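Presented below is the structure to which this report refers.
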Amino acid sequence: MRTSAIAAALAAASVAALAYGLRVDRPEVVTTGASVSASLERTISMGDSPGRQPRFSADSRFLAVSNAAGAVTVLRAADWRPVRRFHHRGGATAVAFGQEGRTLYTAGYDGALRVWDMAAGRPIHAIQASPTTIWSMDVSPDGSRLATAGEDATARVFRLDRLGQAPLTLRGHDRNIWEVRFSPDGKQLATGSFDYRARVWDLATGKPLRDFTKHSQAIVGLDYRPDGRMIATSGDDSTIRLWRPGDGRQLRVIKTGNHTYNVDFSPDGRWLASAGRSRSALGTLIYGFTGLGRGTAPVHIWRVADGALVAALPQPNDVFQMTYAPDGRHVVTSDDDGRVRIWRITPR
């Protein structure tokens with residue numbers, strides 16, 4: 001009886017929330033100027049566990065997807081069929097391909113970094129890369145180094161030919177690091193943290209070069225534009241901010257209308273994809289208990305030149321991670337409902 005009363009109260013609250021306009025207000029999609037269209041090409045179930053980081057090989061031939069239970073599947077992009085399956089014990093949080101696509105790296109809640117042989121389909125190496133959860137991982141453009149960062153507020157940069165040796169350790173954030181990215185020239189590393197700061201590090205010295213400090217809440221997404229002349233950050237303050245890494249100047253603020261977990265530039269640098277919540281905090285709570293309340297599209301594509309919204313990708317749940325394919329033809333989302341959705345992107 002009590003459960004029914006609670007459900008009824010939440011249902012009433014859902015109706016009230018809609019009536020009082022507590023649904024998230026997203027920016028409107030523009031109808032003028034250069035744009036793209038997005039069409040859903042494939043939906044792949046990864047089970048009941050929430051999806052985690054998807055990542056393409058550099059040549060766009062393979063896509064690796066992971067989930068919180070540790071399942072890692074490598075798909076062939078020509079037909080989206082699985083060609084390899086791995087399991088990262090304790091749950092996988094991040095994946096990355098080696099430069100030639102012959103090696104796959106996985107990291108997880110256990111702080112371990114595991115190395116997998118793609119051809120043989122077996123593990124070849126593992127190290128304890130962190131004492132706590134690794135939330136993000138990236139391989140340098142030349143394939144020689146790998147960076148990890150996570151719950152202990154520390155970024156580590158490993159030489160891939162000397163994984164057993166101590167990494168370059170970058171300390172300075174006050175809270176956990178959610179995203180780490182190499183600059184396109186491989187000389188710098190950018191980190192985004194729950195301490196509301198993003199930081200760029202000089203990898204030759206291990207020293208910070210500059211901080212970006214205008215976010216009012218946690219930074220959970222970060223990416224370099226492929227030409228290296230811009231960094232995008234996103235966060236719990238419902239903004240995307242574009243920065244000039246050379247001097248730290250803020251170039252633009254894009255108001256997304258909701259928490260934005262992830263950002264990724266297109267390969268040509270003209271577009272920026274973002275992913276985040278589909279409902280307000282209250283709406284998410286109500287939906288979890290009752291299944292009531294439609295969400296808004298949680299994935300967006302923005303025109304970098306002026307910050308205009310050019311496409312909104314409708315999905316039923318929050319999206320924590322997504323990625324652009326290196327050839328620019330697809331955006332892949334890894335959803336809270338355990339599904340991977342593959343979207344074809346077409347300029348127009």
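Residue numbers start at 1 in each chain; chains themselves are named A, B, ... in the order of the structure tokens; ligands are numbered from 1 in the order shown.
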Open item on the list: Let's see if you can do this: from backbone DSSP, list all strand (DSSP E or B) residues in range 85-323 of chain A, as an NGL selection string.
Closed with: :A and (85-87 or 92-97 or 103-108 or 112-117 or 122-128 or 134-139 or 145-150 or 154-159 or 168-171 or 177-182 or 188-193 or 198-202 or 207-212 or 219-224 or 231-235 or 239-244 or 249-255 or 260-265 or 271-276 or 299-303 or 308-313 or 319-323)
Task: Contacts of Ser45 in chain A within 7 Å, only C-alpha atoms, excl. fewer than 6 positions in-chain, as a list in words - done: Gly338, Arg339 and Val340 of chain A
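Taking CA of Gln321 in chain A as the reference point, CA of Thr154 in chain A is found at 21.0 Å.
Closest to Trp201 in chain A among A:Arg175, A:Arg277, A:Lys187, A:His330 is A:Lys187, based on only C-alpha atoms.
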Task: Ala94 in chain A surroundings by only C-alpha atoms, 7 Å radius, close-in-sequence under 5 positions cut, as number ranges by chain - done: A: 52-53, 106-108, 135-137
TODO: Would you list the contacts of Thr132 in chain A as a ChimeraX atom specification, taking every protein, DNA or RNA residue within 10 Å and counting only C-alpha atoms, but skipping same-chain residues closer than 4 positions in sequence?
DONE: /A:108-112,128,149-153
Same residues, N, CA and C atoms, saved as a short mmCIF file (atom, residue, chain, number, x, y, z; two decimals), in the first residue's frame:
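The result, stored in again14.cif:
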data_model
loop_
_atom_site.label_atom_id
_atom_site.label_comp_id
_atom_site.auth_asym_id
_atom_site.auth_seq_id
_atom_site.Cartn_x
_atom_site.Cartn_y
_atom_site.Cartn_z
N GLY A 108 39.63 0.28 -15.93
CA GLY A 108 38.39 0.04 -15.22
C GLY A 108 38.35 0.53 -13.80
N TYR A 109 37.29 0.09 -13.12
CA TYR A 109 37.07 0.46 -11.72
C TYR A 109 38.17 -0.08 -10.81
N ASP A 110 38.86 -1.13 -11.24
CA ASP A 110 39.90 -1.73 -10.43
C ASP A 110 41.24 -1.00 -10.54
N GLY A 111 41.31 0.05 -11.36
CA GLY A 111 42.55 0.78 -11.54
C GLY A 111 43.57 0.08 -12.43
N ALA A 112 43.18 -1.04 -13.03
CA ALA A 112 44.10 -1.80 -13.87
C ALA A 112 44.04 -1.31 -15.31
N GLN A 128 48.89 -2.45 -12.74
CA GLN A 128 48.06 -1.66 -11.84
C GLN A 128 48.43 -0.20 -12.07
N ALA A 149 43.61 8.78 -16.20
CA ALA A 149 43.28 9.69 -15.10
C ALA A 149 41.98 9.21 -14.47
N GLY A 150 41.77 9.59 -13.20
CA GLY A 150 40.56 9.11 -12.56
C GLY A 150 40.32 9.63 -11.17
N GLU A 151 39.88 8.70 -10.32
CA GLU A 151 39.31 9.05 -9.02
C GLU A 151 40.32 9.67 -8.07
N ASP A 152 41.61 9.40 -8.23
CA ASP A 152 42.61 9.91 -7.29
C ASP A 152 43.15 11.27 -7.69
N ALA A 153 42.47 11.96 -8.64
CA ALA A 153 42.83 13.33 -9.05
C ALA A 153 44.21 13.41 -9.67
#
